[in-house]
Structures are given as C-alpha cells and as structure tokens.
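Novice: Structure file structure34.csv, CSV, C-alpha atoms, is pasted below:
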chain,number,residue,atom,x,y,z
J,229,MET,CA,-7.4,22.5,-41.1
J,230,GLU,CA,-5.9,19.9,-43.5
J,231,ASP,CA,-2.3,20.0,-42.3
J,232,GLY,CA,-2.6,21.2,-38.7
J,233,LEU,CA,-3.5,19.7,-35.3
J,234,LEU,CA,-7.1,19.2,-36.3
J,235,SER,CA,-6.4,17.7,-39.7
J,236,ILE,CA,-8.8,15.5,-41.6
J,237,SER,CA,-6.0,13.0,-42.2
J,238,ALA,CA,-5.3,12.6,-38.4
J,239,LEU,CA,-9.1,12.1,-37.8
J,240,THR,CA,-9.2,9.5,-40.5
J,241,HIS,CA,-6.4,7.6,-38.9
J,242,ALA,CA,-8.0,7.9,-35.5
J,243,LEU,CA,-11.4,6.6,-36.7
J,244,ALA,CA,-9.8,3.8,-38.7
J,245,GLY,CA,-7.6,2.7,-35.8
J,246,ALA,CA,-10.4,2.7,-33.3
J,247,ALA,CA,-12.6,0.7,-35.7
J,248,GLY,CA,-9.9,-1.8,-36.2
J,249,ALA,CA,-9.3,-2.2,-32.5
J,250,GLU,CA,-13.0,-2.6,-31.8
J,251,VAL,CA,-13.3,-5.4,-34.3
J,252,ALA,CA,-10.2,-7.2,-33.0
J,253,THR,CA,-11.4,-6.8,-29.4
J,254,LEU,CA,-14.8,-8.3,-30.2
J,255,VAL,CA,-13.3,-11.3,-31.8
J,256,PHE,CA,-10.5,-12.0,-29.3
J,257,TYR,CA,-12.0,-10.8,-26.0
J,258,PRO,CA,-12.1,-14.2,-24.2
J,259,LEU,CA,-8.3,-14.3,-24.5
J,260,ASP,CA,-8.0,-10.8,-23.1
J,261,LEU,CA,-10.2,-11.7,-20.1
J,262,LEU,CA,-8.3,-14.9,-19.5
J,263,LEU,CA,-5.0,-13.0,-19.6
J,264,THR,CA,-6.1,-10.5,-17.0
J,265,ARG,CA,-7.1,-13.3,-14.7
J,266,LEU,CA,-3.9,-15.2,-15.2
J,267,GLN,CA,-1.8,-12.1,-14.4
J,268,ASN,CA,-3.6,-11.8,-11.1
J,269,SER,CA,-3.6,-15.5,-10.3
J,270,ASP,CA,-1.6,-17.5,-7.8
J,271,ASN,CA,-1.2,-20.6,-10.0
J,272,GLY,CA,-0.8,-19.0,-13.5
J,273,ARG,CA,-1.9,-22.2,-15.2
J,274,THR,CA,-3.9,-21.4,-18.3
J,275,ALA,CA,-6.0,-24.6,-18.5
J,276,LYS,CA,-6.9,-24.5,-14.8
J,277,GLU,CA,-7.9,-20.8,-14.9
J,278,LEU,CA,-10.0,-21.4,-18.0
J,279,THR,CA,-11.7,-24.4,-16.5
J,280,GLU,CA,-12.5,-22.5,-13.3
J,281,LEU,CA,-13.9,-19.5,-15.3
J,282,VAL,CA,-16.2,-21.7,-17.4
J,283,LYS,CA,-17.3,-23.8,-14.4
J,284,SER,CA,-18.1,-20.9,-12.2
J,285,GLU,CA,-19.6,-18.4,-14.7
J,286,GLY,CA,-20.4,-20.5,-17.8
J,287,ILE,CA,-19.6,-19.7,-21.4
J,288,GLN,CA,-21.1,-16.2,-21.0
J,289,GLY,CA,-18.4,-15.6,-18.4
J,290,MET,CA,-15.9,-15.5,-21.2
J,291,TYR,CA,-17.5,-12.2,-22.3
J,292,ARG,CA,-17.9,-10.6,-18.9
J,293,GLY,CA,-17.0,-7.0,-19.1
J,294,LEU,CA,-16.9,-6.9,-23.0
J,295,ILE,CA,-18.9,-3.6,-23.4
J,296,PRO,CA,-16.8,-1.6,-20.9
J,297,ASN,CA,-13.6,-3.1,-22.4
J,298,MET,CA,-14.7,-2.0,-25.9
J,299,GLU,CA,-15.5,1.5,-24.6
J,300,ALA,CA,-12.0,1.8,-23.1
J,301,VAL,CA,-10.4,0.4,-26.3
J,302,MET,CA,-12.3,2.9,-28.4
J,303,ALA,CA,-11.2,5.8,-26.3
J,304,SER,CA,-7.6,4.6,-26.0
J,305,ASN,CA,-7.1,3.9,-29.7
J,306,MET,CA,-8.7,7.0,-30.9
J,307,THR,CA,-6.5,9.0,-28.6
J,308,TYR,CA,-3.3,7.2,-29.6
J,309,PHE,CA,-3.9,7.2,-33.4
J,310,TYR,CA,-5.1,10.8,-33.4
J,311,SER,CA,-2.2,12.0,-31.3
J,312,TYR,CA,0.4,10.2,-33.4
J,313,HIS,CA,-0.8,11.4,-36.8
J,314,ALA,CA,-1.7,14.9,-35.6
J,315,THR,CA,1.8,15.3,-34.1
J,316,ARG,CA,3.3,14.1,-37.4
J,317,GLN,CA,1.2,16.7,-39.2
J,318,VAL,CA,2.3,19.5,-36.9
J,319,VAL,CA,6.0,18.5,-37.2
J,320,LYS,CA,5.7,18.4,-41.0
J,321,VAL,CA,4.2,21.8,-41.1
J,322,GLN,CA,6.7,23.3,-38.7
J,323,LEU,CA,9.6,21.9,-40.7
J,324,GLY,CA,8.0,23.1,-44.0
J,325,LEU,CA,8.1,19.6,-45.5
J,326,ARG,CA,5.7,18.0,-47.9
J,327,ASP,CA,6.1,14.7,-46.1
J,328,LEU,CA,8.2,13.4,-43.3
J,329,PRO,CA,11.1,11.1,-44.3
J,330,THR,CA,11.2,7.5,-43.1
J,331,ASN,CA,13.0,7.7,-39.8
J,332,PRO,CA,12.7,5.0,-37.1
J,333,ALA,CA,14.0,7.3,-34.4
J,334,GLY,CA,11.6,10.0,-35.4
J,335,ASN,CA,8.7,7.6,-35.4
J,336,LEU,CA,9.7,6.3,-32.0
J,337,LEU,CA,9.7,9.8,-30.5
J,338,ILE,CA,6.4,10.7,-32.0
J,339,GLY,CA,4.9,7.3,-30.9
J,340,ALA,CA,6.2,7.8,-27.4
J,341,PHE,CA,4.7,11.3,-27.2
J,342,ALA,CA,1.3,10.0,-28.4
J,343,ALA,CA,1.5,7.1,-25.9
J,344,VAL,CA,2.1,9.5,-23.0
J,345,ILE,CA,-1.0,11.6,-23.9
J,346,ASN,CA,-3.0,8.3,-24.2
J,347,VAL,CA,-1.8,7.1,-20.8
J,348,LEU,CA,-2.5,10.3,-19.0
J,349,LEU,CA,-6.0,10.6,-20.4
J,350,THR,CA,-7.2,6.9,-20.4
J,351,THR,CA,-5.5,5.2,-17.4
J,352,PRO,CA,-8.7,5.6,-15.2
J,353,LEU,CA,-10.6,3.7,-17.8
J,354,TRP,CA,-8.2,0.8,-17.7
J,355,VAL,CA,-8.2,0.7,-13.9
J,356,ALA,CA,-12.0,0.5,-14.0
J,357,ASN,CA,-11.9,-2.1,-16.8
J,358,THR,CA,-9.6,-4.3,-14.8
J,359,ARG,CA,-11.9,-4.1,-11.7
J,360,LEU,CA,-14.8,-5.1,-13.9
J,361,LYS,CA,-13.0,-8.1,-15.3
J,362,LEU,CA,-11.9,-9.4,-11.9
J,363,GLN,CA,-14.9,-8.6,-9.6
J,364,ARG,CA,-16.4,-12.1,-9.7
J,365,ARG,CA,-13.0,-13.8,-9.2
J,366,MET,CA,-12.1,-11.5,-6.3
J,367,GLY,CA,-15.4,-12.2,-4.5
J,368,ARG,CA,-17.0,-8.9,-5.6
J,369,ASP,CA,-20.3,-10.0,-7.0
J,370,GLU,CA,-21.5,-7.2,-9.3
J,371,LYS,CA,-20.1,-4.4,-7.2
J,372,TYR,CA,-19.3,-2.4,-10.3
J,373,HIS,CA,-21.7,-1.8,-13.2
J,374,GLY,CA,-20.4,-0.1,-16.4
J,375,LEU,CA,-17.2,1.8,-17.2
J,376,LEU,CA,-18.1,5.3,-16.2
J,377,TYR,CA,-20.0,4.2,-13.1
J,378,THR,CA,-16.9,2.2,-12.0
J,379,VAL,CA,-14.6,5.2,-12.5
J,380,MET,CA,-16.9,7.5,-10.5
J,381,ARG,CA,-17.3,4.9,-7.7
J,382,ILE,CA,-13.5,4.3,-7.4
J,383,ALA,CA,-13.0,8.1,-7.3
J,384,ARG,CA,-15.6,8.5,-4.6
J,385,GLU,CA,-14.6,5.6,-2.4
J,386,GLU,CA,-10.9,5.5,-2.9
J,387,GLY,CA,-9.9,8.9,-4.1
J,388,LEU,CA,-8.8,10.2,-7.5
J,389,GLY,CA,-5.3,9.0,-7.0
J,390,THR,CA,-6.4,5.4,-7.2
J,391,LEU,CA,-7.6,5.9,-10.8
J,392,TRP,CA,-4.0,6.7,-11.7
J,393,GLY,CA,-2.6,4.0,-9.4
J,394,SER,CA,-0.9,2.2,-12.3
J,395,LEU,CA,0.4,5.3,-13.9
J,396,ILE,CA,4.2,4.6,-13.4
J,397,PRO,CA,4.2,1.2,-15.1
J,398,SER,CA,1.8,2.5,-17.7
J,399,LEU,CA,4.2,5.4,-18.5
J,400,ILE,CA,7.1,3.0,-18.7
J,401,LEU,CA,5.0,0.8,-20.9
J,402,ILE,CA,4.8,3.5,-23.5
J,403,CYS,CA,7.7,1.6,-25.0
J,404,ASN,CA,5.2,-1.1,-26.0
J,405,PRO,CA,3.0,0.8,-28.4
J,406,SER,CA,6.0,2.9,-29.4
J,407,ILE,CA,8.0,-0.2,-30.4
J,408,HIS,CA,5.0,-1.8,-31.9
J,409,PHE,CA,4.0,1.2,-34.1
J,410,THR,CA,7.6,2.0,-34.9
J,411,VAL,CA,8.4,-1.5,-36.2
J,412,TYR,CA,5.1,-1.5,-38.1
J,413,GLU,CA,5.6,1.9,-39.7
J,414,SER,CA,9.3,1.4,-40.5
J,415,ILE,CA,8.8,-2.0,-42.2
J,416,LYS,CA,5.7,-0.7,-43.9
J,417,SER,CA,7.5,2.3,-45.4
J,418,ARG,CA,10.2,0.0,-46.8
J,419,LEU,CA,7.7,-2.4,-48.3
J,420,LEU,CA,5.8,0.4,-50.0
J,421,ARG,CA,9.0,2.1,-51.2
J,422,ASN,CA,10.3,-1.2,-52.7
J,423,ARG,CA,7.0,-2.1,-54.4
J,424,PHE,CA,6.8,-1.6,-58.1
J,425,GLY,CA,4.8,1.6,-58.9
J,426,PRO,CA,3.4,4.2,-56.5
J,427,SER,CA,1.3,2.8,-53.7
J,428,ASN,CA,0.3,4.0,-50.2
J,429,THR,CA,-1.4,0.9,-48.9
J,430,LEU,CA,-0.4,-2.6,-47.9
J,431,THR,CA,-2.3,-5.7,-49.0
J,432,ALA,CA,-4.5,-7.3,-46.4
J,433,PHE,CA,-2.1,-10.2,-45.9
J,434,GLN,CA,0.9,-7.9,-45.5
J,435,ALA,CA,-0.9,-5.7,-43.0
J,436,PHE,CA,-2.0,-8.8,-41.0
J,437,LEU,CA,1.5,-10.4,-40.9
J,438,LEU,CA,3.3,-7.1,-40.2
J,439,GLY,CA,0.9,-6.1,-37.4
J,440,ALA,CA,1.5,-9.5,-35.8
J,441,PHE,CA,5.3,-9.4,-36.1
J,442,ALA,CA,5.5,-5.9,-34.6
J,443,LYS,CA,3.3,-6.8,-31.7
J,444,ILE,CA,5.4,-9.9,-30.8
J,445,CYS,CA,8.5,-7.8,-30.7
J,446,ALA,CA,6.9,-5.2,-28.3
J,447,THR,CA,5.2,-7.8,-26.1
J,448,ILE,CA,8.3,-9.9,-25.3
J,449,ILE,CA,10.3,-6.8,-24.4
J,450,SER,CA,7.7,-5.2,-22.1
J,451,TYR,CA,5.7,-8.1,-20.6
J,452,PRO,CA,7.0,-8.1,-17.0
J,453,LEU,CA,5.8,-4.5,-16.7
J,454,GLN,CA,2.4,-5.5,-18.0
J,455,VAL,CA,2.1,-8.1,-15.2
J,456,ALA,CA,3.0,-5.4,-12.6
J,457,GLN,CA,0.6,-3.0,-14.2
J,458,SER,CA,-2.3,-5.4,-14.0
J,459,ARG,CA,-1.6,-6.2,-10.4
J,460,LEU,CA,-1.5,-2.6,-9.4
J,461,ARG,CA,-4.8,-1.9,-11.0
J,462,ALA,CA,-6.6,-4.9,-9.6
J,463,GLU,CA,-7.4,-4.4,-5.9
J,464,LYS,CA,-8.7,-1.7,-3.6
J,465,ARG,CA,-6.7,-2.6,-0.6
J,466,ASN,CA,-3.7,-4.6,-1.8
J,467,PRO,CA,-0.2,-4.5,-0.1
J,468,GLU,CA,1.3,-4.3,-3.6
J,469,ARG,CA,-0.3,-0.9,-4.2
J,470,SER,CA,1.9,0.7,-1.5
J,471,ILE,CA,5.1,-0.3,-3.2
J,472,GLY,CA,6.7,0.7,-6.4
J,473,THR,CA,6.7,-1.1,-9.7
J,474,LEU,CA,10.3,-2.4,-9.4
J,475,SER,CA,9.7,-3.4,-5.8
J,476,LEU,CA,6.7,-5.4,-6.9
J,477,LEU,CA,8.7,-7.2,-9.6
J,478,LYS,CA,11.4,-8.0,-7.0
J,479,ARG,CA,8.7,-9.3,-4.7
J,480,LEU,CA,7.2,-11.5,-7.4
J,481,TYR,CA,10.7,-12.9,-8.3
J,482,LYS,CA,11.4,-13.6,-4.6
J,483,GLU,CA,8.1,-15.4,-3.9
J,484,GLU,CA,7.4,-17.1,-7.2
J,485,GLY,CA,10.6,-17.0,-9.2
J,486,PHE,CA,11.4,-15.6,-12.7
J,487,PRO,CA,8.4,-17.3,-14.3
J,488,ALA,CA,6.1,-15.0,-12.4
J,489,TRP,CA,7.3,-12.1,-14.6
J,490,TYR,CA,6.0,-14.0,-17.6
J,491,LYS,CA,2.9,-15.5,-16.1
J,492,GLY,CA,0.3,-15.8,-19.0
J,493,ILE,CA,2.9,-14.9,-21.7
J,494,GLY,CA,1.6,-17.6,-24.0
J,495,VAL,CA,-1.9,-16.3,-23.8
J,496,LYS,CA,-0.6,-12.7,-24.1
J,497,LEU,CA,1.3,-13.5,-27.3
J,498,ALA,CA,-1.7,-15.2,-28.9
J,499,GLN,CA,-4.1,-12.4,-27.8
J,500,SER,CA,-2.0,-9.4,-28.6
J,501,THR,CA,-0.6,-10.8,-31.8
J,502,LEU,CA,-3.9,-11.9,-33.2
J,503,THR,CA,-5.7,-8.7,-32.0
J,504,SER,CA,-2.9,-6.5,-33.4
J,505,ALA,CA,-2.8,-8.3,-36.7
J,506,LEU,CA,-6.6,-8.0,-37.2
J,507,MET,CA,-6.7,-4.4,-36.0
J,508,PHE,CA,-4.1,-3.3,-38.5
J,509,LEU,CA,-5.8,-5.2,-41.3
J,510,VAL,CA,-9.1,-3.5,-40.6
J,511,TYR,CA,-7.3,-0.1,-40.0
J,512,GLU,CA,-5.5,-0.2,-43.4
J,513,ARG,CA,-8.7,-1.2,-45.3
J,514,ILE,CA,-10.9,1.5,-43.7
J,515,ARG,CA,-8.1,4.1,-44.1
J,516,ALA,CA,-7.7,3.3,-47.8
J,517,VAL,CA,-11.5,3.5,-48.4
J,518,VAL,CA,-11.9,6.8,-46.5
J,519,LEU,CA,-8.9,8.4,-48.3
J,520,LYS,CA,-10.2,7.2,-51.6
J,521,ILE,CA,-13.5,8.9,-50.9
J,522,LEU,CA,-11.9,12.1,-49.8
J,523,ARG,CA,-9.6,12.2,-52.9
J,524,GLY,CA,-12.6,11.6,-55.1
J,525,ARG,CA,-14.5,14.5,-53.6
J,526,LEU,CA,-11.4,16.7,-53.9
J,527,SER,CA,-11.0,15.8,-57.5
J,528,SER,CA,-14.6,16.6,-58.3
J,529,LYS,CA,-14.3,20.0,-56.7
J,530,ILE,CA,-11.2,20.8,-58.7
J,531,ALA,CA,-12.9,19.6,-61.9
Could I get this file's structure written as structure tokens?

Specialist:
Amino acid sequence: MEDGLLSISALTHALAGAAGAEVATLVFYPLDLLLTRLQNSDNGRTAKELTELVKSEGIQGMYRGLIPNMEAVMASNMTYFYSYHATRQVVKVQLGLRDLPTNPAGNLLIGAFAAVINVLLTTPLWVANTRLKLQRRMGRDEKYHGLLYTVMRIAREEGLGTLWGSLIPSLILICNPSIHFTVYESIKSRLLRNRFGPSNTLTAFQAFLLGAFAKICATIISYPLQVAQSRLRAEKRNPERSIGTLSLLKRLYKEEGFPAWYKGIGVKLAQSTLTSALMFLVYERIRAVVLKILRGRLSSKIA
C-alpha cells in the first residue's frame, strides 16, 4: 500500500497538486478566461477583447465559468499528479530500488504517460469548460449550466465523439506538462542535491521561480497547438472541426499569417507562468506539511 499503485505518497502528491492548482486558478482565473476568448477571436487584441468583455458582461463577467473551471482543474490535476507519482512508485518497486535516480529522460517518459491518462479521462471536461466560457460571446445566452450538465448535453445533442473532439491536439500537447514537470523536477533535484545538508523541500521562493521558469519553457514550445486545441473545442458546428490539427494550423497561417499561431501568447505567458508558480509554491508547502505529519505518526508508532 505504501509503495504500490495505491500508495499514500502518490495520494499526498495528488491532493497537494490539486490544492495548489485550485488556489492558482482562483487567483488568476480572469487571465484564463481572457486567453480562451483571445484564442477564439478574429482580432486577437488583448485590450479590445478585455474592453468588450467588461462592457458587455461587467466585472462579474471576468469570473464567468469559474466554478466549472475549478472542477475541471481539480479533476485534471489530481489525475496527473497521482498518475505521475504512482507510476514512479510502481517503477521503483519493479526495479527493486529504494529511490529512482535523477534522470530527465525517465521523468519525461513517466510525465508523458501520466499526461496521456489525464487527457483520455478529462478531455470531455475541458470541452465543456470551453463551451461555458464562450457561450455569451458566441451568442449562446446561458445554454449550458454547470460542468457535468454541459458534458451530458453535448453527448446527447452532438454525440460522444464531440467530447473528445480535441483529443489529437490534446495528446500532442502532452509535451507541455511533460516538459513543464520534467524541467521542474530535474532542476529541483539538482538544487536539493547541491544544498548543504539533507533536504527534500524547496523554499517558497525557489518553488515559485522554478515553477514559473518551467512553465515558460513548455508554453513557448507548444503554444500553436494550444490555439488549435481551443478552436476545436469551441463550437458545435464549426468547419474547423471537420479538419485535422495540422490543416487547421495551415488554414490559420494562410488566412491570418504566422501571428495567428501565437494569438494571445502574452496573456498565456502571464497566466500560465503566474498560475504555475503559485501552484507549485502551494503544492510544495502542502506536501511538506502532510509528509511531516505522516512521518510524525510513523515515528510515534515505532516508539
């Protein structure tokens, strides 16, 4: 139970990661909403999109879809963190090792495997989440209500296949969390190894900066696919849905030029970097507290 697939350690990481993501989402949600609208906008101008949003929906419009988004974030991050650390535990047990060595390639493979599991299980939630964010802007006044209701309505009206309509770009985008987490874990391991004395936690400032740096690297590399992913999720009857991801990117390039691939990149870098930095800060703090409590209980039992 301690070292297998259902280990307490993996569950601790999952809960800490989900809690960190929820806090970060709550703080920076307006940026996330603005980003989704920019990626599906014809003009792609941040100031204009923000002005239109506030003018048409008020300040409260900046938090439209917050609760469903937090539900999707909770499910997605718990799935990813648990899959990642449970897989590490299984590999460690199978190899008969006390701990896995620091290996960027190994971290990347495990991260990719965890991301595939996450995508397959949670893509319907993100399709529904995108619809909820855009329904006012697309002229759909309150057609969808709540995450699970939206998932069921899409399935009923458009078929189950629509819920996985963005599966291909999402699977390709496993490189994003994989690169993100691999950069984070690799640099973190080196920092802890070089620190004087034994330690298994980063300082709050180190976790914040490292989480931000890792996310910047992953975002710049994979952003065009995120634009395609958002567009494929958005509409019920959209000509783009009948073409592939690469064809969509070619079409955007032909119609709007290279900048279309990076529409909203400034907002994305701010949103993802700040969200990631805060998420990993909270994640490291919660993980350290939980592990301290568990070790204390274990020590008391031994005594």

Novice: With range 487-499 of chain J as the partner and 12 Å as the cut-off, tabulate the residues of range 379-451 of chain J that qualify, each row holding the nearest pair of atoms and their distance in Å to one decimal, using all atoms listed in the file, sorted by chain and rising number, as JSON lines.

Specialist:
{"residue": "J:Ala440", "atom": "CA", "partner": "J:Leu497", "partner_atom": "CA", "distance": 9.4}
{"residue": "J:Phe441", "atom": "CA", "partner": "J:Leu497", "partner_atom": "CA", "distance": 10.5}
{"residue": "J:Ala442", "atom": "CA", "partner": "J:Leu497", "partner_atom": "CA", "distance": 11.3}
{"residue": "J:Lys443", "atom": "CA", "partner": "J:Leu497", "partner_atom": "CA", "distance": 8.3}
{"residue": "J:Ile444", "atom": "CA", "partner": "J:Leu497", "partner_atom": "CA", "distance": 6.5}
{"residue": "J:Cys445", "atom": "CA", "partner": "J:Leu497", "partner_atom": "CA", "distance": 9.8}
{"residue": "J:Ala446", "atom": "CA", "partner": "J:Leu497", "partner_atom": "CA", "distance": 10.1}
{"residue": "J:Thr447", "atom": "CA", "partner": "J:Leu497", "partner_atom": "CA", "distance": 7.0}
{"residue": "J:Ile448", "atom": "CA", "partner": "J:Leu497", "partner_atom": "CA", "distance": 8.1}
{"residue": "J:Ile449", "atom": "CA", "partner": "J:Tyr490", "partner_atom": "CA", "distance": 10.8}
{"residue": "J:Ser450", "atom": "CA", "partner": "J:Tyr490", "partner_atom": "CA", "distance": 10.0}
{"residue": "J:Tyr451", "atom": "CA", "partner": "J:Tyr490", "partner_atom": "CA", "distance": 6.6}

Novice: Any idea what the distance is between CA of Asp260 in chain J and CA of Ala505 in chain J?

Specialist: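 Computed distance, CA of Asp260 in chain J to CA of Ala505 in chain J, equals 14.8 Å.
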
Novice: To one decimal in Å, tell me the separation between CA of Thr390 in chain J and CA of Arg461 in chain J.

Specialist: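 Here the two named atoms are 8.4 Å from each other.
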
Novice: Give me the residues near Lys361 in chain J as a ChimeraX atom specification, where near means some atom within 12 Å (using all atoms listed in the file) and where sequence neighbours in that chain fewer than 5 positions away do not count.

Specialist: /J:257-258,260-268,281,289-297,354-356,366-375,378,458,461-463

Novice: Would you please work out which residue, of J:Glu413, J:Glu299, J:Glu280, J:Glu386, is nearest to Ala333 in chain J when using only C-alpha atoms?

Specialist: J:Glu413

Novice: How many Å lie between CA of Thr429 in chain J and CA of Leu243 in chain J, rounded to one decimal?

Specialist: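 Interatomic distance, CA of Thr429 in chain J to CA of Leu243 in chain J: 16.8 Å.
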
Novice: Can you work out which one of J:Glu385, J:Ser500, J:Pro452, J:His313 has the shortest atom-to-atom distance to Leu477 in chain J, counting only C-alpha atoms?

Specialist: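 When distances to Leu477 in chain J are compared using only C-alpha atoms, the smallest one comes from J:Pro452.
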
Novice: Closest to Gln457 in chain J among J:Ile382, J:Val347, J:Leu254, J:Leu401, using all atoms listed in the file?

Specialist: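 Of the candidates, the smallest distance to Gln457 in chain J is held by J:Leu401.
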